[in-house]
file input03.csv (CSV, C-alpha atoms)
chain,number,residue,atom,x,y,z
A,1,MET,CA,125.4,161.2,72.3
A,2,PRO,CA,123.9,163.7,74.8
A,3,LYS,CA,123.9,162.4,78.3
A,4,LYS,CA,120.5,161.6,79.7
A,5,LYS,CA,119.5,162.2,83.2
A,6,MET,CA,118.1,159.5,85.4
A,7,TYR,CA,115.4,160.8,87.6
A,8,ASP,CA,114.9,159.6,91.2
A,9,ARG,CA,118.1,157.6,91.0
A,10,GLY,CA,118.2,157.1,94.8
A,11,LYS,CA,114.6,155.8,95.1
A,12,VAL,CA,115.1,153.5,92.1
A,13,PHE,CA,118.2,151.8,93.5
A,14,ALA,CA,116.7,151.6,97.0
A,15,GLY,CA,113.6,149.9,95.5
A,16,LEU,CA,115.7,147.5,93.5
A,17,ALA,CA,117.7,146.6,96.6
A,18,VAL,CA,114.5,145.9,98.5
A,19,PHE,CA,113.2,143.8,95.6
A,20,VAL,CA,116.3,141.7,95.4
A,21,VAL,CA,116.4,141.1,99.1
A,22,LEU,CA,112.8,140.0,99.1
A,23,LEU,CA,113.5,137.7,96.1
A,24,ILE,CA,116.3,135.9,97.9
A,25,PHE,CA,114.8,136.0,101.3
A,26,PRO,CA,113.8,132.4,101.5
A,27,PHE,CA,117.3,131.3,100.5
A,28,LEU,CA,118.9,133.6,103.1
A,29,LEU,CA,116.6,132.3,105.7
A,30,ASN,CA,117.7,128.7,105.1
A,31,LEU,CA,121.3,129.5,104.6
A,32,GLY,CA,123.5,126.9,106.2
A,33,LYS,CA,120.5,125.1,107.6
A,34,ALA,CA,119.8,122.3,105.0
A,35,ALA,CA,117.7,119.8,106.9
A,36,PRO,CA,119.9,116.8,107.5
A,37,ALA,CA,118.7,113.4,106.3
A,38,PRO,CA,116.9,111.6,109.1
A,39,GLU,CA,118.5,108.8,111.1
A,40,LEU,CA,116.5,105.7,110.2
A,41,LYS,CA,116.0,103.2,112.9
A,42,LEU,CA,116.1,99.6,111.8
A,43,SER,CA,113.7,97.4,113.7
A,44,ASP,CA,115.3,94.6,115.7
A,45,LYS,CA,113.8,92.1,113.3
A,46,ALA,CA,115.4,93.8,110.3
A,47,LYS,CA,118.7,94.1,112.1
A,48,ALA,CA,118.6,90.4,112.8
A,49,ALA,CA,117.8,89.7,109.1
A,50,LYS,CA,120.7,91.9,108.0
A,51,GLU,CA,119.6,92.1,104.4
A,52,CYS,CA,116.6,93.6,102.7
A,53,VAL,CA,114.7,92.0,99.8
A,54,GLU,CA,117.4,93.4,97.5
A,55,SER,CA,120.6,95.3,98.1
A,56,LYS,CA,120.3,98.4,100.2
A,57,ALA,CA,121.3,100.7,97.4
A,58,TYR,CA,118.6,99.2,95.1
A,59,MET,CA,116.0,99.4,97.8
A,60,THR,CA,116.7,103.0,98.6
A,61,ALA,CA,116.4,104.0,95.0
A,62,ASN,CA,113.8,101.6,93.7
A,63,HIS,CA,111.5,100.3,96.4
A,64,MET,CA,108.5,102.2,94.9
A,65,GLN,CA,109.0,100.5,91.6
A,66,LEU,CA,109.5,97.1,93.3
A,67,LEU,CA,106.2,97.6,95.2
A,68,ASN,CA,104.5,98.6,92.0
A,69,GLU,CA,105.6,95.4,90.3
A,70,TRP,CA,104.7,93.3,93.3
A,71,ARG,CA,101.1,94.6,93.4
A,72,GLU,CA,100.7,94.2,89.7
A,73,THR,CA,102.1,90.6,89.8
A,74,VAL,CA,100.0,89.6,92.8
A,75,VAL,CA,96.7,91.0,91.8
A,76,ARG,CA,96.8,90.7,88.1
A,77,ASN,CA,99.0,87.7,87.4
A,78,ALA,CA,98.2,85.6,90.5
A,79,GLN,CA,101.8,85.1,91.3
A,80,ARG,CA,102.7,85.8,94.9
A,81,VAL,CA,106.3,84.6,95.4
A,82,TYR,CA,109.3,86.7,94.6
A,83,VAL,CA,112.7,85.1,94.2
A,84,ASN,CA,115.4,87.8,94.7
A,85,SER,CA,118.7,88.2,92.9
A,86,SER,CA,120.4,85.7,95.3
A,87,GLY,CA,117.6,83.1,95.1
A,88,LYS,CA,115.8,83.9,98.4
A,89,LYS,CA,112.0,83.7,98.3
A,90,PHE,CA,109.6,86.3,99.7
A,91,GLU,CA,105.8,86.5,99.7
A,92,MET,CA,105.1,89.7,97.7
A,93,SER,CA,103.1,91.6,100.3
A,94,LEU,CA,103.3,95.1,101.6
A,95,SER,CA,102.0,94.5,105.1
A,96,ASN,CA,102.9,90.9,105.5
A,97,THR,CA,106.5,91.1,104.2
A,98,CYS,CA,107.9,94.7,104.2
A,99,LEU,CA,106.2,95.6,107.5
A,100,ASP,CA,106.8,92.2,109.0
A,101,CYS,CA,110.5,93.0,108.9
A,102,HIS,CA,110.3,96.8,109.1
A,103,THR,CA,108.0,96.6,112.1
A,104,GLU,CA,108.6,100.2,113.0
A,105,LYS,CA,106.9,101.9,110.1
A,106,ALA,CA,106.8,105.2,111.8
A,107,GLU,CA,110.6,105.1,112.6
A,108,PHE,CA,111.5,103.8,109.1
A,109,CYS,CA,109.2,104.3,106.1
A,110,ASP,CA,107.4,107.4,107.5
A,111,LYS,CA,110.5,109.1,108.8
A,112,CYS,CA,112.1,109.0,105.4
A,113,HIS,CA,108.9,109.9,103.6
A,114,ASN,CA,108.3,112.9,105.8
A,115,TYR,CA,111.7,114.1,105.0
A,116,ALA,CA,111.2,113.5,101.3
A,117,ALA,CA,107.7,114.9,101.4
A,118,VAL,CA,106.0,111.8,100.0
A,119,THR,CA,102.7,110.5,101.3
A,120,PRO,CA,102.0,107.1,99.9
A,121,TYR,CA,98.2,106.5,99.9
A,122,CYS,CA,98.7,102.8,100.4
A,123,TRP,CA,97.9,103.0,104.1
A,124,ASP,CA,94.3,104.0,103.4
A,125,CYS,CA,93.9,100.3,102.7
A,126,HIS,CA,97.0,98.4,103.6
A,127,VAL,CA,97.2,97.8,107.3
A,128,ASP,CA,100.1,98.7,109.5
A,129,PRO,CA,99.8,95.9,112.1
A,130,LYS,CA,101.2,98.1,114.8
A,131,GLU,CA,98.7,100.9,114.3
A,132,THR,CA,95.7,98.7,114.3
A,133,MET,CA,96.5,96.6,117.3
B,1,MET,CA,135.6,127.3,51.8
B,2,GLU,CA,132.5,128.2,53.7
B,3,GLU,CA,130.6,125.5,51.9
B,4,SER,CA,133.0,122.7,52.8
B,5,SER,CA,133.3,123.7,56.5
B,6,ARG,CA,129.5,123.4,56.9
B,7,ARG,CA,129.8,120.0,55.2
B,8,THR,CA,132.4,118.8,57.6
B,9,PHE,CA,130.3,120.1,60.5
B,10,LEU,CA,127.3,118.2,59.4
B,11,LYS,CA,129.3,115.0,59.0
B,12,LEU,CA,130.7,115.3,62.4
B,13,ALA,CA,127.3,116.0,63.9
B,14,GLY,CA,125.9,113.0,62.2
B,15,PHE,CA,128.6,110.7,63.6
B,16,SER,CA,128.2,112.1,67.0
B,17,ALA,CA,124.4,111.4,66.9
B,18,LEU,CA,125.2,107.8,65.9
B,19,GLY,CA,127.5,107.5,68.9
B,20,LEU,CA,124.8,108.7,71.2
B,21,GLY,CA,122.3,106.2,69.8
B,22,ALA,CA,124.8,103.3,70.3
B,23,LYS,CA,125.4,104.0,73.9
B,24,PRO,CA,122.3,102.2,75.4
B,25,VAL,CA,123.1,99.2,73.2
B,26,LEU,CA,126.6,99.1,74.5
B,27,ASP,CA,125.3,99.5,78.1
B,28,ALA,CA,122.9,96.6,77.6
B,29,PHE,CA,125.8,94.4,76.5
B,30,ALA,CA,127.9,95.5,79.4
B,31,SER,CA,125.2,94.8,82.0
B,32,SER,CA,124.0,91.4,80.7
B,33,GLY,CA,127.3,89.8,81.8
B,34,GLY,CA,126.9,90.8,85.4
B,35,VAL,CA,127.1,88.3,88.3
B,36,GLN,CA,123.7,89.2,89.9
B,37,SER,CA,121.1,86.9,88.4
B,38,LYS,CA,117.7,88.4,87.6
B,39,PRO,CA,114.9,88.3,90.2
B,40,MET,CA,111.9,86.1,89.4
B,41,VAL,CA,108.3,85.8,90.3
B,42,MET,CA,106.2,82.7,90.5
B,43,LYS,CA,103.1,81.1,92.0
B,44,GLY,CA,103.3,79.5,95.4
B,45,GLU,CA,104.0,75.8,95.4
B,46,LYS,CA,100.6,75.0,97.0
B,47,ALA,CA,98.5,77.3,94.8
B,48,LEU,CA,95.3,75.8,93.6
B,49,GLN,CA,94.7,76.2,89.9
B,50,ALA,CA,91.8,75.6,87.5
B,51,LYS,CA,90.6,76.3,84.0
B,52,ARG,CA,87.4,77.8,85.4
B,53,TRP,CA,86.5,78.0,89.1
B,54,ALA,CA,82.9,77.4,90.0
B,55,LEU,CA,80.6,77.2,93.0
B,56,VAL,CA,77.7,74.8,93.5
B,57,ILE,CA,75.3,75.7,96.2
B,58,ASP,CA,73.0,72.9,97.4
B,59,THR,CA,70.1,74.9,98.8
B,60,ARG,CA,68.4,71.7,100.0
B,61,LYS,CA,70.9,71.6,102.9
B,62,PHE,CA,69.7,75.0,104.3
B,63,LYS,CA,66.6,75.7,106.4
B,64,SER,CA,66.9,79.2,107.6
B,65,GLU,CA,69.0,82.4,107.7
B,66,LYS,CA,70.8,80.8,110.7
B,67,ASP,CA,72.4,78.1,108.5
B,68,LEU,CA,73.9,80.8,106.2
B,69,GLU,CA,75.2,83.1,108.8
B,70,PRO,CA,78.5,81.4,109.5
B,71,MET,CA,79.5,81.6,105.9
B,72,ILE,CA,78.7,85.2,105.6
B,73,GLU,CA,80.4,86.0,108.9
B,74,VAL,CA,83.7,84.3,108.0
B,75,CYS,CA,83.8,85.9,104.6
B,76,HIS,CA,83.2,89.4,105.9
B,77,LYS,CA,85.6,88.9,108.7
B,78,ILE,CA,88.6,87.7,106.8
B,79,HIS,CA,88.1,90.3,104.1
B,80,ASN,CA,87.6,93.2,106.4
B,81,VAL,CA,84.1,93.9,105.0
B,82,PRO,CA,82.6,96.8,107.1
B,83,LYS,CA,79.2,96.5,108.7
B,84,LEU,CA,77.2,99.6,107.9
B,85,GLU,CA,73.7,99.8,109.1
B,86,ASN,CA,72.5,102.3,106.6
B,87,LYS,CA,71.1,100.1,103.7
B,88,ARG,CA,72.3,102.6,101.1
B,89,HIS,CA,75.9,102.4,102.3
B,90,GLU,CA,75.9,98.7,102.9
B,91,ILE,CA,78.9,96.7,101.7
B,92,LYS,CA,78.4,93.0,101.0
B,93,TRP,CA,80.4,90.2,99.4
B,94,LEU,CA,78.1,87.4,100.4
B,95,TRP,CA,74.5,87.8,101.5
B,96,THR,CA,71.0,86.3,101.2
B,97,GLU,CA,68.0,87.0,99.0
B,98,GLU,CA,64.6,85.4,98.5
B,99,PHE,CA,64.0,83.2,95.5
B,100,LYS,CA,61.6,85.6,93.9
B,101,HIS,CA,64.3,88.3,93.9
B,102,ILE,CA,67.3,86.5,92.6
B,103,PHE,CA,65.4,84.2,90.2
B,104,SER,CA,62.8,86.8,89.2
B,105,SER,CA,62.3,85.4,85.8
B,106,GLN,CA,61.8,81.8,87.1
B,107,THR,CA,59.3,82.6,89.9
B,108,HIS,CA,55.5,82.3,90.0
B,109,ASP,CA,52.7,82.7,92.5
B,110,PHE,CA,52.5,79.0,93.5
B,111,LEU,CA,56.1,78.2,94.6
B,112,ASP,CA,56.4,75.4,97.1
B,113,GLU,CA,56.7,76.5,100.7
B,114,ARG,CA,60.3,75.4,101.2
B,115,VAL,CA,61.7,77.5,98.3
B,116,LYS,CA,59.4,80.4,98.9
B,117,ASP,CA,60.7,81.2,102.3
B,118,LEU,CA,64.2,79.9,101.9
B,119,PRO,CA,67.1,82.4,102.0
B,120,PHE,CA,69.4,82.0,99.0
B,121,LEU,CA,73.2,82.6,99.3
B,122,THR,CA,74.1,85.4,96.9
B,123,LEU,CA,77.5,86.6,95.7
B,124,CYS,CA,79.4,87.7,92.6
B,125,ASN,CA,78.8,85.1,89.8
B,126,HIS,CA,82.3,85.3,88.3
B,127,CYS,CA,80.7,85.3,84.9
B,128,GLU,CA,82.1,83.8,81.8
B,129,LYS,CA,81.3,87.0,80.0
B,130,PRO,CA,81.3,89.6,82.7
B,131,ALA,CA,79.5,92.8,81.8
B,132,CYS,CA,81.4,94.7,84.6
B,133,VAL,CA,84.7,94.0,82.9
B,134,ARG,CA,83.5,95.5,79.6
B,135,ALA,CA,82.2,98.5,81.4
B,136,CYS,CA,85.3,99.3,83.5
B,137,PRO,CA,87.2,102.2,81.8
B,138,THR,CA,90.5,101.5,83.7
B,139,LYS,CA,90.6,97.6,83.6
B,140,ALA,CA,90.4,97.7,87.4
B,141,THR,CA,88.0,94.8,87.2
B,142,PHE,CA,89.2,92.0,85.0
B,143,LYS,CA,88.8,88.3,84.4
B,144,ARG,CA,91.7,86.1,85.4
B,145,ALA,CA,92.8,83.1,83.3
B,146,ASP,CA,91.1,80.8,85.9
B,147,GLY,CA,87.7,82.5,85.4
B,148,ILE,CA,87.8,84.6,88.6
B,149,VAL,CA,86.5,88.2,88.1
B,150,LEU,CA,88.7,90.3,90.3
B,151,MET,CA,89.0,93.9,91.4
B,152,ASP,CA,92.3,95.6,91.2
B,153,PHE,CA,91.7,98.2,93.8
B,154,HIS,CA,94.8,100.1,92.8
B,155,ARG,CA,93.1,101.1,89.6
B,156,CYS,CA,89.6,101.7,90.7
B,157,ILE,CA,88.5,105.3,90.2
B,158,GLY,CA,85.1,104.8,91.7
B,159,CYS,CA,83.1,105.6,88.6
B,160,ARG,CA,80.6,102.8,89.3
B,161,PHE,CA,80.1,101.8,85.7
B,162,CYS,CA,80.7,98.2,86.8
B,163,MET,CA,77.8,98.5,89.3
B,164,ALA,CA,75.5,99.8,86.6
B,165,ALA,CA,76.6,97.0,84.3
B,166,CYS,CA,76.3,94.1,86.8
B,167,PRO,CA,72.9,92.4,86.3
B,168,TYR,CA,73.2,90.7,89.8
B,169,GLY,CA,73.8,93.7,92.1
B,170,SER,CA,77.0,92.0,93.3
B,171,ARG,CA,79.0,95.1,93.8
B,172,SER,CA,79.1,97.6,96.6
B,173,PHE,CA,80.4,101.1,96.6
B,174,ASN,CA,82.3,102.6,99.6
B,175,PHE,CA,80.4,105.8,100.2
B,176,ARG,CA,82.3,106.2,103.5
B,177,ASP,CA,85.6,105.3,104.9
B,178,PRO,CA,85.0,101.7,105.8
B,179,ARG,CA,87.6,101.4,108.6
B,180,PRO,CA,85.5,102.7,111.5
B,181,PHE,CA,82.9,100.1,110.7
B,182,ILE,CA,85.2,97.1,110.8
B,183,LYS,CA,84.9,95.5,114.2
B,184,GLU,CA,88.0,93.4,114.2
B,185,THR,CA,90.5,94.0,111.4
B,186,ASN,CA,92.2,91.0,109.8
B,187,LEU,CA,95.8,92.3,109.7
B,188,LYS,CA,96.7,90.0,106.9
B,189,PHE,CA,94.3,91.5,104.4
B,190,PRO,CA,94.0,95.2,103.3
B,191,THR,CA,90.8,97.1,103.9
B,192,ARG,CA,89.3,99.3,101.2
B,193,MET,CA,89.0,103.1,101.2
B,194,LYS,CA,86.2,105.6,100.5
B,195,GLY,CA,85.5,105.8,96.8
B,196,VAL,CA,86.2,102.3,95.5
B,197,VAL,CA,83.9,99.5,94.5
B,198,GLU,CA,84.2,96.0,96.0
B,199,LYS,CA,82.8,92.5,95.8
B,200,CYS,CA,83.6,88.8,96.4
B,201,ASN,CA,87.0,87.7,95.1
B,202,PHE,CA,86.4,83.9,95.3
B,203,CYS,CA,89.1,84.0,98.0
B,204,ALA,CA,91.9,84.6,95.5
B,205,GLU,CA,94.3,85.1,98.4
B,206,ARG,CA,93.4,81.7,99.9
B,207,LEU,CA,93.6,79.8,96.6
B,208,ALA,CA,97.1,81.2,96.2
B,209,VAL,CA,98.2,79.3,99.3
B,210,GLY,CA,96.3,76.1,98.7
B,211,LYS,CA,93.1,76.8,100.6
B,212,ILE,CA,89.5,76.6,99.3
B,213,PRO,CA,87.2,79.6,99.8
B,214,ALA,CA,86.3,80.3,103.4
B,215,CYS,CA,82.6,80.1,102.9
B,216,VAL,CA,83.0,76.6,101.3
B,217,GLU,CA,85.2,75.5,104.2
B,218,VAL,CA,82.6,76.3,106.9
B,219,SER,CA,79.6,75.2,104.8
B,220,LYS,CA,79.5,71.6,106.1
B,221,GLY,CA,79.4,70.3,102.6
B,222,ALA,CA,76.5,72.5,101.4
B,223,LEU,CA,78.8,74.4,99.1
B,224,ALA,CA,81.2,72.8,96.6
B,225,PHE,CA,84.0,74.6,94.9
B,226,GLY,CA,86.0,73.2,91.9
B,227,ASP,CA,87.1,73.3,88.3
B,228,LEU,CA,84.4,73.3,85.6
B,229,GLY,CA,87.2,72.4,83.2
B,230,ASP,CA,87.9,69.2,85.0
B,231,SER,CA,85.3,66.5,84.2
B,232,LYS,CA,86.3,64.6,87.4
B,233,SER,CA,85.9,67.6,89.8
B,234,LYS,CA,83.4,67.7,92.6
B,235,VAL,CA,81.4,70.5,90.9
B,236,ARG,CA,81.2,68.6,87.6
B,237,GLU,CA,80.0,65.5,89.5
B,238,LEU,CA,77.3,67.5,91.3
B,239,LEU,CA,76.2,69.3,88.1
B,240,SER,CA,75.9,66.0,86.2
B,241,SER,CA,73.9,64.3,88.9
B,242,ASN,CA,71.6,67.2,90.0
B,243,PHE,CA,69.3,69.7,88.2
B,244,THR,CA,70.8,73.1,88.7
B,245,ILE,CA,69.9,76.7,87.9
B,246,ARG,CA,71.8,79.9,87.4
B,247,ARG,CA,70.7,83.5,87.8
B,248,LYS,CA,69.3,85.3,84.7
B,249,PRO,CA,70.5,82.8,82.2
B,250,ALA,CA,68.8,84.7,79.3
B,251,LEU,CA,71.4,87.5,79.6
B,252,GLY,CA,74.1,85.2,78.5
B,253,ALA,CA,76.6,86.4,81.1
B,254,GLY,CA,77.3,82.7,82.0
B,255,PRO,CA,77.5,82.7,85.8
B,256,SER,CA,79.9,80.3,87.5
B,257,VAL,CA,77.6,80.0,90.6
B,258,PHE,CA,75.1,77.1,90.3
B,259,TYR,CA,72.1,76.4,92.6
B,260,ILE,CA,70.7,73.0,93.3
B,261,VAL,CA,67.1,73.8,94.3

call {"tool": "encode", "arguments": {"input": "input03.csv", "output": "C-alpha cells"}}
result
Amino acid sequence: MPKKKMYDRGKVFAGLAVFVVLLIFPFLLNLGKAAPAPELKLSDKAKAAKECVESKAYMTANHMQLLNEWRETVVRNAQRVYVNSSGKKFEMSLSNTCLDCHTEKAEFCDKCHNYAAVTPYCWDCHVDPKETM
Amino acid sequence: MEESSRRTFLKLAGFSALGLGAKPVLDAFASSGGVQSKPMVMKGEKALQAKRWALVIDTRKFKSEKDLEPMIEVCHKIHNVPKLENKRHEIKWLWTEEFKHIFSSQTHDFLDERVKDLPFLTLCNHCEKPACVRACPTKATFKRADGIVLMDFHRCIGCRFCMAACPYGSRSFNFRDPRPFIKETNLKFPTRMKGVVEKCNFCAERLAVGKIPACVEVSKGALAFGDLGDSKSKVRELLSSNFTIRRKPALGAGPSVFYIV
C-alpha cells in the first residue's frame, strides 16, 4: 500500500491536545479536592435522646421514604401514631417530631442537604419553629 | 457439533435465568426471620371517630357579626390562614354571608327582619357527594371514611377545578405566598404556599387528639358537632327536635352543615 502523507500533522496534534485538556479540565481542577462530607451537629436534645426514630443507618438511607409514608398515613389514613421497630411511639409529624428533636435544622438537615444538593420544598409550608420565632 | 453446543448454551442460560428469578424469593425468606419487628402505624388513643361528622349551627343564638368573630378568629389563627385585604386574593376557611346569598333559592322579598340582617356562618359543607372530589385530577381533595372532605396539600397542583366545581364557594386559592400575611404563626400547624387551594378541614388535626373543632369549642353552645351515624349524638338530637335547612339542597351534594333558622 502506498504511504499517504498526513498534512499539517503538527497543528492537528496540537489541536487534539488542547481539545483533550479542555475536556478533562473540570476533573483536573477538582483533582484531590473531593468535598468532604459535612460534620453534622446533633442538637442537645437529640444527643440526650441518643436514638432516632429508627436506626441511624436506616434513617440516613431512608428518611425521605419514611417521611413520605408519614404524610400519606397522617393526611389520607387519619393515623398519626408511629410505633417503631422497638415498640416506641412517635407522633408522625415533620415539624413537631423530627424538628422537635433535631432542633438545629440548619446544622443538621440543611447541612447535609446542601452537601447532597437536595432542596426539599417541604419548608414552604412546614414550619421550622426556630426560623419563625 | 455446532448444533449441540448451541443447545447446551441455551439450556445453561435458561437455568441461570431461573436462578436470578429465585433470588428475591430467597431474600424474602431470609429477611422474614429477622429479630427486628415491623414498625406500625395507628390512630391516637384519644382520637374522636364517627361514621359521618356533621355541624349544626343554631343561628338563633347570634345577633351580629360580633358574635361570630371569635369563631372565625380562632379558626384562622390555629390554621395559619393569612389575612389578605385584597378581596380577590382573600383566603377564608370560616366566614359570614347574608341569608339571601347563601340561601339564594330560599329567599324572598319579605324575609323577617332578624333573618334578613343576620350574618350566617359559612364554611366547607363536607358534602356526602362532594363535587370537588370528582373534579380533582390528582385526588388531592378526597373524602375520608368519616365524611370529612380533606385537602392533601402534597398533591395539589393548583388547577382550581375543585373551586369551579364547588357550588358553595368554600375554597380559596393562594395567589400569593401566604406567609407574610400571617400575623402570628401557629408553629404546630403548617402554612400553605403560593399555588395551592385550601379550605376548612373540620379540624382533622384536633379530632385526631380527641378535641372537637375549635369553632365549636368557642361557640358557647351555638354550634354542635357530632356523628350523623349515631342516633344518640348531639347533632341528631338537635336535628330531630328543630327544623333545619341546608344550602342548595336541590343540587344533591348532601351538605353536612345544617342551619337552625

call {"tool": "closest_atom_pairs", "arguments": {"input": "input03.csv", "of": "chain B", "to": "chain A", "cutoff": "6 Å", "atoms": "all atoms listed in the file", "output": "tab-separated table"}}
result
residue	atom	partner	partner_atom	distance
B:Gln36	CA	A:Ser85	CA	5.9
B:Ser37	CA	A:Ser85	CA	5.3
B:Lys38	CA	A:Ser85	CA	5.4
B:Pro39	CA	A:Asn84	CA	4.6
B:Met40	CA	A:Val83	CA	5.0
B:Val41	CA	A:Tyr82	CA	4.5
B:Met42	CA	A:Gln79	CA	5.1
B:Lys43	CA	A:Gln79	CA	4.3
B:Gly44	CA	A:Val81	CA	5.9
B:Leu187	CA	A:Pro129	CA	5.9
B:Pro190	CA	A:His126	CA	4.4
B:Thr191	CA	A:Cys125	CA	4.6
B:Arg192	CA	A:Cys125	CA	4.9
B:Met193	CA	A:Asp124	CA	5.8

call {"tool": "write_last_selection", "arguments": {"input": "input03.csv", "atoms": "C-alpha atoms", "output": "short mmCIF file (atom, residue, chain, number, x, y, z; two decimals), in the coordinates of the input"}}
result
data_model
loop_
_atom_site.label_atom_id
_atom_site.label_comp_id
_atom_site.auth_asym_id
_atom_site.auth_seq_id
_atom_site.Cartn_x
_atom_site.Cartn_y
_atom_site.Cartn_z
CA GLN B 36 123.70 89.20 89.90
CA SER B 37 121.10 86.90 88.40
CA LYS B 38 117.70 88.40 87.60
CA PRO B 39 114.90 88.30 90.20
CA MET B 40 111.90 86.10 89.40
CA VAL B 41 108.30 85.80 90.30
CA MET B 42 106.20 82.70 90.50
CA LYS B 43 103.10 81.10 92.00
CA GLY B 44 103.30 79.50 95.40
CA LEU B 187 95.80 92.30 109.70
CA PRO B 190 94.00 95.20 103.30
CA THR B 191 90.80 97.10 103.90
CA ARG B 192 89.30 99.30 101.20
CA MET B 193 89.00 103.10 101.20
#

call {"tool": "residues_around", "arguments": {"input": "input03.csv", "residues": "Arg52 (chain B)", "least_positions_apart": "4", "cutoff": "9 Å", "atoms": "all atoms listed in the file", "output": "NGL selection string"}}
result
:B and (128 or 145-148 or 226-230 or 256)

call {"tool": "closest_residue", "arguments": {"input": "input03.csv", "among": "B:Ala222, B:Leu207, B:Val56, B:Ala17", "to": "Leu68 (chain B)", "atoms": "only C-alpha atoms"}}
result
B:Ala222

call {"tool": "residues_around", "arguments": {"input": "input03.csv", "residues": "Phe181 (chain B)", "least_positions_apart": "4", "cutoff": "10 Å", "atoms": "all atoms listed in the file", "output": "list in words"}}
result
Asn80, Val81, Pro82, Lys83, Leu84, Glu85, Arg176, Asp177 and Thr185 of chain B

call {"tool": "closest_residue", "arguments": {"input": "input03.csv", "among": "A:Ala57, A:Pro36, A:Lys11, A:Leu23", "to": "Ala116 (chain A)", "atoms": "all atoms listed in the file"}}
result
A:Pro36

call {"tool": "closest_residue", "arguments": {"input": "input03.csv", "among": "B:Lys211, B:Arg155, B:Lys92, B:Arg236", "to": "His79 (chain B)", "atoms": "only C-alpha atoms"}}
result
B:Lys92

call {"tool": "residues_around", "arguments": {"input": "input03.csv", "residues": "Thr59 (chain B)", "least_positions_apart": "2", "cutoff": "9 Å", "atoms": "all atoms listed in the file", "output": "PyMOL selection string"}}
result
chain B and resi 57+61-63+115+118-121+222-223+259-261

call {"tool": "atom_distance", "arguments": {"input": "input03.csv", "atom1": "CA of Thr141 (chain B)", "atom2": "CA of Cys124 (chain B)"}}
result
12.4 Å

call {"tool": "closest_residue", "arguments": {"input": "input03.csv", "among": "A:Val118, A:Cys101, A:Met64, A:Ala37", "to": "Ala49 (chain A)", "atoms": "only C-alpha atoms"}}
result
A:Cys101

call {"tool": "closest_atom_pairs", "arguments": {"input": "input03.csv", "of": "region 110-138 of chain B", "to": "region 160-173 of chain B", "cutoff": "10 Å", "atoms": "only C-alpha atoms", "output": "CSV"}}
result
residue,atom,partner,partner_atom,distance
B:Thr122,CA,B:Ser170,CA,8.1
B:Leu123,CA,B:Ser170,CA,5.9
B:Cys124,CA,B:Ser170,CA,5.0
B:Asn125,CA,B:Tyr168,CA,7.9
B:His126,CA,B:Ser170,CA,9.9
B:Pro130,CA,B:Cys166,CA,7.9
B:Ala131,CA,B:Ala165,CA,5.7
B:Cys132,CA,B:Cys162,CA,4.2
B:Val133,CA,B:Cys162,CA,7.0
B:Arg134,CA,B:Cys162,CA,8.2
B:Ala135,CA,B:Cys162,CA,5.6
B:Cys136,CA,B:Cys162,CA,5.8
B:Pro137,CA,B:Phe161,CA,8.1

call {"tool": "residues_around", "arguments": {"input": "input03.csv", "residues": "Gly221 (chain B)", "least_positions_apart": "4", "cutoff": "9 Å", "atoms": "all atoms listed in the file", "output": "VMD selection string"}}
result
chain B and resid 58 61 216 to 217
